[in-house]
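Asker: Mind having a look at this structure? Questions to follow.
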Amino acid sequence: PAKANASTGVDNFAARARRGVRHHAARTERTHRTPANRRDAAIRNGTYGSTQLCDHHAVASLRIETRGLVLTKVEPQELDDVLAVRMSNPDRLVRTEGQAGDSGGYDLSMLERDVAVALADPARHVLVARTRAEPRVVGYVDVLDEHPEDGYPWLGTVEIHADEQRRSFGRQCVEAIVHRAREDLAARVVRAAADADDTGAQAFLASLKFAPVNTRERSSPQGRLQVLVWERPLFPR
């Protein structure tokens with residue numbers, strides 16, 4: 001069966017921004033007041049930090065429930081749990097962080113900046129997934145309500161702690177995001193991306209009724225990588 005864990009794309013926004021690489025030229029061309037420009041300025045000024053998580057009121061009430069999980073906006077006190085999720089999947093960490101992930105260089109300060117970069121975009125949400133029965137963090141989700149290039153919701157990352165995998169948590173996270181996109185955002189499709197050589201992520205998406213529709217490239221610690229864009233149509237209930 002497909003492994004219930006996928007770091008599926010949205011171009012690895014946070015890692016790219018942390019390295020100072022501007023992403024999505026279409027967004028930055030719109031106006032000097034775009035979230036991307038505000039984000040880049042904050043990075044240059046050194047004003048990003050975990051305290052910004054508390055100021056992102058736009059998603060304060062976002063709560064998604066499944067039969068076994070509750071997904072809510074990440075809070076500063078939960079970042080240690082999210083870091084534990086990331087560190088439990090070393091292969092995934094190396095794919096997104098390169099040498100820093102391989103050498104153990106990825107730490108809480110890097111995660112804090114990743115999340116702060118993500119939350120600089122009001123259309124993007126970082127959610128923690130907790131079990132309903134005994135509230136503990138088992139994973140996290142990074143989702144974009146509206147991609148600046150195509151206008152569709154994108155599933156960025158679904159990552160489940162290695163000790164909690166193969167318990168349907170990853171699948172529940174994706175289905176919850178798909179349901180919200182259809183019911184709350186009135187979206188026609190949800191998209192995701194997986195590296196062309198990442199067979200595990202591709203199998204995970206295929207098992208959730210996503211299908212590849214085109215290709216693109218993304219920046220990575222290893223250079224430019226080919227990425228497959230996957231899409232799931234959202235039919236009315």
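Naming works like this for the structure tokens: A, B, ... for the chains as they're shown, residue 1 at the start of each chain, ligands 1 onward in shown order.
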Find the spatial neighbours of stretch 206-216 of chain A, counting only C-alpha atoms, within a cut-off of 7 Å - ignore same-chain residues fewer than 3 positions away - and output them as a list in words.
Answerer: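 Residues meeting the cut-off are Ala2, Gln202, Ala203, Gln226, Val227, Leu228, Val229, Trp230, Glu231 and Arg232 of chain A.
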Asker: Between A:Ala116, A:Arg182, A:His161, A:Met110, single out the one closest to A:Pro90, counting only C-alpha atoms.
Answerer: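 Of all the options, A:His161 lies closest to A:Pro90.
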Asker: Excluding A:Asp81 and any residue of its chain fewer than 6 positions from it, enumerate the residues within 10 Å of it, using only C-alpha atoms, and give them as a PDB file with N, CA and C atoms, in the first residue's frame.
Answerer:
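Written output follows (out-v1.pdb):
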ATOM      1  N   MET A  87      11.902  15.407  11.830  1.00  0.00           N
ATOM      2  CA  MET A  87      13.116  14.640  12.110  1.00  0.00           C
ATOM      3  C   MET A  87      12.882  13.140  12.042  1.00  0.00           C
ATOM      4  N   VAL A 128      -1.526  21.725  12.355  1.00  0.00           N
ATOM      5  CA  VAL A 128      -1.070  20.513  13.032  1.00  0.00           C
ATOM      6  C   VAL A 128      -2.230  19.531  13.096  1.00  0.00           C
ATOM      7  N   ARG A 136      -2.600  14.311  20.722  1.00  0.00           N
ATOM      8  CA  ARG A 136      -1.158  14.372  20.513  1.00  0.00           C
ATOM      9  C   ARG A 136      -0.914  14.696  19.043  1.00  0.00           C
ATOM     10  N   VAL A 137       0.136  15.416  18.766  1.00  0.00           N
ATOM     11  CA  VAL A 137       0.456  15.804  17.398  1.00  0.00           C
ATOM     12  C   VAL A 137       1.074  14.612  16.677  1.00  0.00           C
ATOM     13  N   VAL A 138       0.455  14.236  15.561  1.00  0.00           N
ATOM     14  CA  VAL A 138       0.964  13.110  14.776  1.00  0.00           C
ATOM     15  C   VAL A 138       1.479  13.548  13.410  1.00  0.00           C
ATOM     16  N   GLY A 139       1.229  14.814  13.040  1.00  0.00           N
ATOM     17  CA  GLY A 139       1.691  15.278  11.738  1.00  0.00           C
ATOM     18  C   GLY A 139       1.323  16.732  11.533  1.00  0.00           C
ATOM     19  N   TYR A 140       1.593  17.205  10.332  1.00  0.00           N
ATOM     20  CA  TYR A 140       1.226  18.576   9.990  1.00  0.00           C
ATOM     21  C   TYR A 140       0.901  18.658   8.510  1.00  0.00           C
ATOM     22  N   HIS A 161       4.298  11.649  11.428  1.00  0.00           N
ATOM     23  CA  HIS A 161       5.420  11.085  12.188  1.00  0.00           C
ATOM     24  C   HIS A 161       5.616   9.617  11.808  1.00  0.00           C
TER      25      HIS A 161
END
Asker: If you count only C-alpha atoms, which residues fall within 10 Å of stretch 167-179 of chain A, apart from same-chain ones fewer than 3 positions away, as number ranges by chain?
Answerer: A: 3-6, 64-71, 127-131, 138-143, 145, 153-155, 157-161, 163-164, 182-187, 189-191, 204-205, 207-208, 232-234, 237
Asker: Atom CA of A:Ala194 and atom CA of A:Thr72, how far apart in Å?
Answerer: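 Distance between the two atoms: 24.5 Å.
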Asker: Determine the nearest neighbour of A:His147 from the options A:Gln165, A:Pro135, A:Val126, A:Asp121, counting only C-alpha atoms.
Answerer: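 Smallest distance to A:His147 is found for A:Asp121.
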Asker: So, with only C-alpha atoms as the atoms that count, which of A:Val94, A:Val82, A:Ala181, A:Ala201 lies closest to A:Phe235?
Answerer: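 Closest to A:Phe235, using only C-alpha atoms: A:Ala181.
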Asker: May I have all residues of stretch 156-215 of chain A that DSSP, computed from the backbone, assigns to strand (DSSP E), given as a list of chain:residue names?
Answerer: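 These are the residues in question: A:Gly156, A:Thr157, A:Val158, A:Glu159, A:Ile160, A:Val189, A:Val190, A:Arg191, A:Ala192, A:Ala193, A:Ala194, A:Asp195, A:Ala211, A:Pro212, A:Val213, A:Asn214, A:Thr215.
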Asker: Those same residues, written as a PDB file, in the first residue's frame with N, CA, C and O atoms?
Answerer:
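Once everything was written out, this is again_31.pdb:
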ATOM      1  N   GLY A 156       0.230  21.359  -0.142  1.00  0.00           N
ATOM      2  CA  GLY A 156       1.675  21.536  -0.111  1.00  0.00           C
ATOM      3  C   GLY A 156       2.390  20.355   0.520  1.00  0.00           C
ATOM      4  O   GLY A 156       3.138  19.655  -0.141  1.00  0.00           O
ATOM      5  N   THR A 157       2.158  20.131   1.777  1.00  0.00           N
ATOM      6  CA  THR A 157       2.831  19.047   2.499  1.00  0.00           C
ATOM      7  C   THR A 157       1.837  18.332   3.393  1.00  0.00           C
ATOM      8  O   THR A 157       1.020  18.969   4.052  1.00  0.00           O
ATOM      9  N   VAL A 158       1.911  17.025   3.396  1.00  0.00           N
ATOM     10  CA  VAL A 158       1.258  16.212   4.416  1.00  0.00           C
ATOM     11  C   VAL A 158       2.343  15.291   4.950  1.00  0.00           C
ATOM     12  O   VAL A 158       2.841  14.425   4.240  1.00  0.00           O
ATOM     13  N   GLU A 159       2.737  15.522   6.177  1.00  0.00           N
ATOM     14  CA  GLU A 159       3.814  14.722   6.756  1.00  0.00           C
ATOM     15  C   GLU A 159       3.360  14.170   8.095  1.00  0.00           C
ATOM     16  O   GLU A 159       2.924  14.918   8.971  1.00  0.00           O
ATOM     17  N   ILE A 160       3.479  12.861   8.215  1.00  0.00           N
ATOM     18  CA  ILE A 160       3.053  12.142   9.422  1.00  0.00           C
ATOM     19  C   ILE A 160       4.283  11.563  10.110  1.00  0.00           C
ATOM     20  O   ILE A 160       5.210  11.085   9.448  1.00  0.00           O
ATOM     21  N   VAL A 189     -10.973  21.928  -8.532  1.00  0.00           N
ATOM     22  CA  VAL A 189      -9.926  20.920  -8.424  1.00  0.00           C
ATOM     23  C   VAL A 189      -9.018  21.279  -7.258  1.00  0.00           C
ATOM     24  O   VAL A 189      -9.003  22.415  -6.792  1.00  0.00           O
ATOM     25  N   VAL A 190      -8.274  20.304  -6.796  1.00  0.00           N
ATOM     26  CA  VAL A 190      -7.162  20.510  -5.871  1.00  0.00           C
ATOM     27  C   VAL A 190      -5.918  19.967  -6.557  1.00  0.00           C
ATOM     28  O   VAL A 190      -5.960  18.900  -7.184  1.00  0.00           O
ATOM     29  N   ARG A 191      -4.837  20.698  -6.432  1.00  0.00           N
ATOM     30  CA  ARG A 191      -3.591  20.264  -7.054  1.00  0.00           C
ATOM     31  C   ARG A 191      -2.520  19.998  -5.998  1.00  0.00           C
ATOM     32  O   ARG A 191      -2.585  20.472  -4.868  1.00  0.00           O
ATOM     33  N   ALA A 192      -1.536  19.217  -6.413  1.00  0.00           N
ATOM     34  CA  ALA A 192      -0.368  18.923  -5.589  1.00  0.00           C
ATOM     35  C   ALA A 192       0.790  18.667  -6.540  1.00  0.00           C
ATOM     36  O   ALA A 192       0.604  18.565  -7.748  1.00  0.00           O
ATOM     37  N   ALA A 193       1.975  18.564  -5.997  1.00  0.00           N
ATOM     38  CA  ALA A 193       3.151  18.282  -6.816  1.00  0.00           C
ATOM     39  C   ALA A 193       4.005  17.241  -6.121  1.00  0.00           C
ATOM     40  O   ALA A 193       4.048  17.176  -4.893  1.00  0.00           O
ATOM     41  N   ALA A 194       4.676  16.428  -6.925  1.00  0.00           N
ATOM     42  CA  ALA A 194       5.608  15.437  -6.394  1.00  0.00           C
ATOM     43  C   ALA A 194       6.810  15.389  -7.319  1.00  0.00           C
ATOM     44  O   ALA A 194       6.667  15.450  -8.545  1.00  0.00           O
ATOM     45  N   ASP A 195       7.988  15.299  -6.733  1.00  0.00           N
ATOM     46  CA  ASP A 195       9.184  15.188  -7.551  1.00  0.00           C
ATOM     47  C   ASP A 195       9.069  13.980  -8.478  1.00  0.00           C
ATOM     48  O   ASP A 195       8.508  12.941  -8.097  1.00  0.00           O
ATOM     49  N   ALA A 211      -4.383  12.606 -10.273  1.00  0.00           N
ATOM     50  CA  ALA A 211      -3.787  12.141 -11.519  1.00  0.00           C
ATOM     51  C   ALA A 211      -2.814  13.199 -12.033  1.00  0.00           C
ATOM     52  O   ALA A 211      -3.067  14.403 -11.898  1.00  0.00           O
ATOM     53  N   PRO A 212      -1.689  12.782 -12.639  1.00  0.00           N
ATOM     54  CA  PRO A 212      -0.732  13.758 -13.160  1.00  0.00           C
ATOM     55  C   PRO A 212      -1.304  14.487 -14.368  1.00  0.00           C
ATOM     56  O   PRO A 212      -1.930  13.879 -15.227  1.00  0.00           O
ATOM     57  N   VAL A 213      -1.079  15.814 -14.419  1.00  0.00           N
ATOM     58  CA  VAL A 213      -1.630  16.608 -15.520  1.00  0.00           C
ATOM     59  C   VAL A 213      -0.557  17.367 -16.296  1.00  0.00           C
ATOM     60  O   VAL A 213      -0.755  17.684 -17.467  1.00  0.00           O
ATOM     61  N   ASN A 214       0.567  17.700 -15.670  1.00  0.00           N
ATOM     62  CA  ASN A 214       1.658  18.338 -16.405  1.00  0.00           C
ATOM     63  C   ASN A 214       2.928  18.296 -15.566  1.00  0.00           C
ATOM     64  O   ASN A 214       2.951  17.710 -14.472  1.00  0.00           O
ATOM     65  N   THR A 215       3.967  18.908 -16.067  1.00  0.00           N
ATOM     66  CA  THR A 215       5.243  18.932 -15.363  1.00  0.00           C
ATOM     67  C   THR A 215       5.718  20.373 -15.210  1.00  0.00           C
ATOM     68  O   THR A 215       5.274  21.278 -15.923  1.00  0.00           O
TER      69      THR A 215
END
Asker: At what distance in Å, to one decimal, does atom CA of A:Asp197 lie from atom CA of A:Ala84?
Answerer: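 Separation of atom CA of A:Ala84 and atom CA of A:Asp197: 25.3 Å.
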